[in-house]
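To start, the structure itself, in structure tokens.
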Amino acid sequence: MRFSLNTRQMPQIRQYLICSGMVLGVSLVCFYASAIIGYQVVSLILLMVVTVLAMLFDIMPVLLAALLSAVIWNYFFLPPLFTFHITNAADTLMFLLYFLIALVNAVLTFKIREAENKARDQEEKAHTIKLYNTLLHSLSHELRTPISTIVGSVDTLKEQQQQLTPVQQEQLLSEIEQAGLRLNRQVENLLNMSRLESGMLRLKLDWCDLNELVYQLFDKVDETHTHHLVNEAPEGLPLFKVDQGLLEQVLYNLLHNAVQYTPPGTRIAVMIRHIGNNCIIQVSDNGPGFTEQDRQRAFDKFYRSPLVQTGGSGLGLSIVKGFVEAHEGTITLDTAPGGGAQFTIVLQAEATYLQNLKHE
């Protein structure tokens with residue numbers, strides 16, 4: 001279909017030349033084989049050529065091809081040859097029918113193609129509307145909840161500040177902070193998805209200490225220490241040349257999801273290895289894991305498992321996939337050996353063991 005769309009975008013003069021050339025070329029081959037196949041078979045072959053052209057090009061070049069094929073069939077194949085005069089009444093009727101069928105066939109094929117394109121556009125539009133409805137539904141909860149928390153906590157602090165104990169005030173401020181972070185996370189997800197879809201994402205490669213990055217993220221994603229976070233990267237891991245900002249967002253989304261969707265006490269491990277020219281990062285947990293359906297659709301935009309009760313916009317993993325692919329890498333989701341989920345990222349990244357290149 002992509003080929004046909006490209007042919008219809010050609011300049012009109014080029015479409016005319018290609019359609020005419022196809023008819024002339026097929027006619028030339030049929031002329032030398034006409035003694036074997038007969039002029040009736042030639043008419044069917046030319047009709048087939050017109051049908052194929054109608055699937056690929058605009059209507060006017062195809063109508064020219066239909067007219068040209070009728071003229072060629074009359075002049076070169078219908079007896080008497082090399083004349084437009086037809087002596088046989090049956091051949092005259094056959095020629096008129098051929099001319100009519102060629103024109104109708106071209107028009108109908110073009111109309112069918114237009115109807116298919118219209119139906120596909122409507123389907124894509126309906127799919128887009130469904131996606132945006134899903135997004136709005138998710139955001140109506142994901143944005144309203146932290147905003148309500150912030151507004152409610154601020155109102156309480158303003159109206160009842162004298163009655164609140166220092167502990168209660170600290171608790172309200174903590175709730176405001178958590179709600180603000182949640183709100184900021186959703187806005188960042190939307191901005192990141194916009195960057196991916198606009199094609200404006202550009203890598204800023206620099207040397208990065210992934211071990212240090214992982215430990216920094218541990219403090220961000222599990223401030224209350226409800227989960228057991230482990231960095232299993234070996235000692236002496238080299239520096240990798242990556243876009244640290246994008247990779248930080250990738251690891252943050254994976255770790256945040258692991259903390260959010262697994263019960264307290266779950267072990268979440270990060271393993272980073274340097275094999276050949278690849279940087280391999282694995283984020284795994286021993287939580288409930290993913291169902292087969294979830295594994296197949298986990299990276300789809302706006303997808304959320306029906307078994308998940310907590311909030312979320314369904315953008316986190318699709319952003320992860322987009323940022324990994326921006327590095328020309330791959331990410332897969334499997335079941336961890338001991339149960340749970342295991343994300344494996346493979347990046348082709350330049351590495352160095354010279355620590356003084358870290359801030360090159």
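Letters A, B, ... mark the chains of the structure tokens in the order given; residue numbers begin at 1 per chain; ligand numbers begin at 1, in order shown.
Those residues that approach Ala336 of chain A to within 10 Å, counting only C-alpha atoms, are Val283, Ser284, Asp285, Asn286, Gly287, Gly289, Leu333, Asp334, Gly338, Gly339, Gly340, Ala341, Gln342 and Phe343 of chain A; same-chain residues fewer than 2 positions away are not listed.
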Selection from above, N, CA and C atoms, as a short mmCIF file (atom, residue, chain, number, x, y, z; two decimals), in the first residue's frame, can you write it?
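This is the output file selection-v9.cif:
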data_model
loop_
_atom_site.label_atom_id
_atom_site.label_comp_id
_atom_site.auth_asym_id
_atom_site.auth_seq_id
_atom_site.Cartn_x
_atom_site.Cartn_y
_atom_site.Cartn_z
N VAL A 283 16.34 -4.70 34.66
CA VAL A 283 15.59 -4.29 35.84
C VAL A 283 14.58 -5.38 36.12
N SER A 284 14.70 -6.04 37.25
CA SER A 284 13.83 -7.18 37.55
C SER A 284 13.30 -7.09 38.98
N ASP A 285 12.22 -7.79 39.23
CA ASP A 285 11.64 -7.85 40.56
C ASP A 285 11.06 -9.24 40.78
N ASN A 286 10.72 -9.53 42.02
CA ASN A 286 10.09 -10.82 42.34
C ASN A 286 8.63 -10.62 42.75
N GLY A 287 7.99 -9.62 42.12
CA GLY A 287 6.59 -9.33 42.38
C GLY A 287 5.66 -10.25 41.60
N GLY A 289 4.48 -9.96 38.63
CA GLY A 289 4.80 -10.08 37.21
C GLY A 289 3.66 -9.64 36.30
N LEU A 333 10.44 -7.45 27.54
CA LEU A 333 9.83 -7.76 28.83
C LEU A 333 9.62 -9.26 28.91
N ASP A 334 10.18 -9.88 29.96
CA ASP A 334 10.05 -11.32 30.17
C ASP A 334 9.69 -11.58 31.63
N GLY A 338 12.98 -16.12 38.90
CA GLY A 338 12.30 -16.47 40.15
C GLY A 338 10.87 -15.98 40.21
N GLY A 339 10.30 -15.59 39.06
CA GLY A 339 8.97 -14.99 39.04
C GLY A 339 9.08 -13.48 39.07
N GLY A 340 8.04 -12.80 38.65
CA GLY A 340 8.09 -11.35 38.57
C GLY A 340 8.41 -10.89 37.17
N ALA A 341 8.72 -9.60 37.04
CA ALA A 341 8.98 -9.00 35.73
C ALA A 341 10.46 -8.75 35.55
N GLN A 342 10.91 -8.85 34.30
CA GLN A 342 12.31 -8.56 33.99
C GLN A 342 12.38 -7.80 32.66
N PHE A 343 12.83 -6.55 32.74
CA PHE A 343 13.04 -5.72 31.56
C PHE A 343 14.52 -5.78 31.19
#
Would you mind listing, for every residue of segment 91-130 of chain A within 10 Å of segment 24-46 of chain A, the two atoms forming the shortest contact and the distance between them in Å to one decimal, using only C-alpha atoms, sorted by chain and ascending residue number, as a tab-separated table?
residue	atom	partner	partner_atom	distance
A:Asp91	CA	A:Gln40	CA	9.8
A:Met94	CA	A:Gln40	CA	9.1
A:Phe95	CA	A:Ser43	CA	9.1
A:Tyr98	CA	A:Ser43	CA	7.4
A:Phe99	CA	A:Ser43	CA	10.0
A:Ala102	CA	A:Leu46	CA	8.7
Could you find all residues in segment 30-85 of chain A that DSSP calls helix (DSSP H, G or I) from the backbone, and write them as a VMD selection string?
-> chain A and resid 30 to 56 59 to 76
Please provide the set of residues having any atom within 9 Å of segment 151-164 of chain A, restricted to only C-alpha atoms, with same-chain residues fewer than 5 positions apart removed, written as a PDB file with N, CA and C atoms, in the first residue's frame.
ATOM      1  N   PRO A 146      -3.794  14.807  42.449  1.00  0.00           N
ATOM      2  CA  PRO A 146      -2.765  15.617  43.131  1.00  0.00           C
ATOM      3  C   PRO A 146      -3.158  17.081  43.284  1.00  0.00           C
ATOM      4  N   GLN A 169       1.265  19.769  60.585  1.00  0.00           N
ATOM      5  CA  GLN A 169       1.690  20.686  59.537  1.00  0.00           C
ATOM      6  C   GLN A 169       2.745  20.023  58.637  1.00  0.00           C
ATOM      7  N   LEU A 172       1.005  17.598  56.317  1.00  0.00           N
ATOM      8  CA  LEU A 172       0.344  18.269  55.196  1.00  0.00           C
ATOM      9  C   LEU A 172       1.352  18.746  54.157  1.00  0.00           C
ATOM     10  N   LEU A 173       2.466  19.288  54.621  1.00  0.00           N
ATOM     11  CA  LEU A 173       3.498  19.723  53.681  1.00  0.00           C
ATOM     12  C   LEU A 173       4.061  18.539  52.894  1.00  0.00           C
ATOM     13  N   GLU A 175       2.383  15.836  52.129  1.00  0.00           N
ATOM     14  CA  GLU A 175       1.360  15.478  51.143  1.00  0.00           C
ATOM     15  C   GLU A 175       1.395  16.418  49.943  1.00  0.00           C
ATOM     16  N   ILE A 176       1.622  17.714  50.210  1.00  0.00           N
ATOM     17  CA  ILE A 176       1.731  18.680  49.111  1.00  0.00           C
ATOM     18  C   ILE A 176       2.938  18.343  48.231  1.00  0.00           C
TER      19      ILE A 176
END
Pick out the residues sitting within 6 Å of segment 208-220 of chain A, and hand them over as a VMD selection string; count only C-alpha atoms, and ignore anything fewer than 3 positions along from it in its own chain.
-> chain A and resid 223 239 to 240
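Atom CA of Leu237 of chain A is positioned 22.4 Å from atom CA of Arg267 of chain A.
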So which residues touch Lys321 of chain A within 10 Å, counting only C-alpha atoms, skipping near sequence neighbours fewer than 6 positions away, as a count of residues only?
-> 9
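For segment 63-66 of chain A, the list of residues within 9 Å, based on only C-alpha atoms and with local chain neighbours fewer than 5 positions off taken out, reads Tyr16, Cys19, Ser20, Gly21, Met22, Val23, Leu46, Leu47, Val49, Val50, Leu53, Ala54, Asp58, Val71, Phe99, Ala102, Leu103, Asn105, Ala106 and Val107 of chain A.
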Pull N, CA and C atoms from the residues just selected and write them as a PDB file, in the first residue's frame.
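Written output follows (part.pdb):
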ATOM      1  N   TYR A  16       1.159   9.782 -16.343  1.00  0.00           N
ATOM      2  CA  TYR A  16       0.743   9.557 -17.731  1.00  0.00           C
ATOM      3  C   TYR A  16       1.785   8.726 -18.483  1.00  0.00           C
ATOM      4  N   CYS A  19       1.819   4.993 -17.139  1.00  0.00           N
ATOM      5  CA  CYS A  19       0.632   4.238 -17.584  1.00  0.00           C
ATOM      6  C   CYS A  19       0.715   3.917 -19.077  1.00  0.00           C
ATOM      7  N   SER A  20       1.099   4.914 -19.851  1.00  0.00           N
ATOM      8  CA  SER A  20       1.214   4.687 -21.296  1.00  0.00           C
ATOM      9  C   SER A  20       2.314   3.680 -21.593  1.00  0.00           C
ATOM     10  N   GLY A  21       3.438   3.809 -20.903  1.00  0.00           N
ATOM     11  CA  GLY A  21       4.548   2.891 -21.119  1.00  0.00           C
ATOM     12  C   GLY A  21       4.206   1.453 -20.766  1.00  0.00           C
ATOM     13  N   MET A  22       3.435   1.276 -19.678  1.00  0.00           N
ATOM     14  CA  MET A  22       3.028  -0.077 -19.290  1.00  0.00           C
ATOM     15  C   MET A  22       2.161  -0.710 -20.370  1.00  0.00           C
ATOM     16  N   VAL A  23       1.198   0.046 -20.876  1.00  0.00           N
ATOM     17  CA  VAL A  23       0.310  -0.488 -21.914  1.00  0.00           C
ATOM     18  C   VAL A  23       1.101  -0.812 -23.171  1.00  0.00           C
ATOM     19  N   LEU A  46      -4.659  -7.079 -21.466  1.00  0.00           N
ATOM     20  CA  LEU A  46      -4.686  -5.612 -21.426  1.00  0.00           C
ATOM     21  C   LEU A  46      -5.666  -5.098 -20.378  1.00  0.00           C
ATOM     22  N   LEU A  47      -6.792  -5.773 -20.219  1.00  0.00           N
ATOM     23  CA  LEU A  47      -7.741  -5.392 -19.162  1.00  0.00           C
ATOM     24  C   LEU A  47      -7.107  -5.540 -17.777  1.00  0.00           C
ATOM     25  N   VAL A  49      -3.937  -5.251 -17.102  1.00  0.00           N
ATOM     26  CA  VAL A  49      -2.979  -4.151 -16.954  1.00  0.00           C
ATOM     27  C   VAL A  49      -3.701  -2.877 -16.533  1.00  0.00           C
ATOM     28  N   VAL A  50      -4.832  -2.587 -17.159  1.00  0.00           N
ATOM     29  CA  VAL A  50      -5.606  -1.397 -16.803  1.00  0.00           C
ATOM     30  C   VAL A  50      -6.077  -1.478 -15.353  1.00  0.00           C
ATOM     31  N   LEU A  53      -3.138  -0.735 -13.053  1.00  0.00           N
ATOM     32  CA  LEU A  53      -2.829   0.691 -13.090  1.00  0.00           C
ATOM     33  C   LEU A  53      -3.845   1.507 -12.299  1.00  0.00           C
ATOM     34  N   ALA A  54      -5.117   1.080 -12.335  1.00  0.00           N
ATOM     35  CA  ALA A  54      -6.167   1.793 -11.587  1.00  0.00           C
ATOM     36  C   ALA A  54      -5.946   1.703 -10.083  1.00  0.00           C
ATOM     37  N   ASP A  58      -3.721   7.844 -10.410  1.00  0.00           N
ATOM     38  CA  ASP A  58      -4.926   8.672 -10.429  1.00  0.00           C
ATOM     39  C   ASP A  58      -5.801   8.305 -11.619  1.00  0.00           C
ATOM     40  N   VAL A  71      -7.413   1.205 -28.389  1.00  0.00           N
ATOM     41  CA  VAL A  71      -6.938   1.567 -29.732  1.00  0.00           C
ATOM     42  C   VAL A  71      -5.884   0.580 -30.213  1.00  0.00           C
ATOM     43  N   PHE A  99     -13.923  -1.733 -24.967  1.00  0.00           N
ATOM     44  CA  PHE A  99     -13.731  -0.314 -24.677  1.00  0.00           C
ATOM     45  C   PHE A  99     -14.563   0.100 -23.456  1.00  0.00           C
ATOM     46  N   ALA A 102     -13.164  -1.614 -20.221  1.00  0.00           N
ATOM     47  CA  ALA A 102     -11.904  -1.005 -19.790  1.00  0.00           C
ATOM     48  C   ALA A 102     -12.155   0.300 -19.045  1.00  0.00           C
ATOM     49  N   LEU A 103     -13.044   1.140 -19.579  1.00  0.00           N
ATOM     50  CA  LEU A 103     -13.347   2.414 -18.926  1.00  0.00           C
ATOM     51  C   LEU A 103     -14.057   2.210 -17.596  1.00  0.00           C
ATOM     52  N   ASN A 105     -14.108  -0.482 -15.759  1.00  0.00           N
ATOM     53  CA  ASN A 105     -13.198  -1.154 -14.831  1.00  0.00           C
ATOM     54  C   ASN A 105     -12.240  -0.160 -14.185  1.00  0.00           C
ATOM     55  N   ALA A 106     -11.710   0.766 -14.977  1.00  0.00           N
ATOM     56  CA  ALA A 106     -10.801   1.775 -14.441  1.00  0.00           C
ATOM     57  C   ALA A 106     -11.498   2.661 -13.414  1.00  0.00           C
ATOM     58  N   VAL A 107     -12.707   3.117 -13.754  1.00  0.00           N
ATOM     59  CA  VAL A 107     -13.442   4.007 -12.850  1.00  0.00           C
ATOM     60  C   VAL A 107     -13.833   3.281 -11.570  1.00  0.00           C
TER      61      VAL A 107
END
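Taking atom CA of Thr109 of chain A and atom CA of Met55 of chain A as the two end points, the separation is 6.5 Å.
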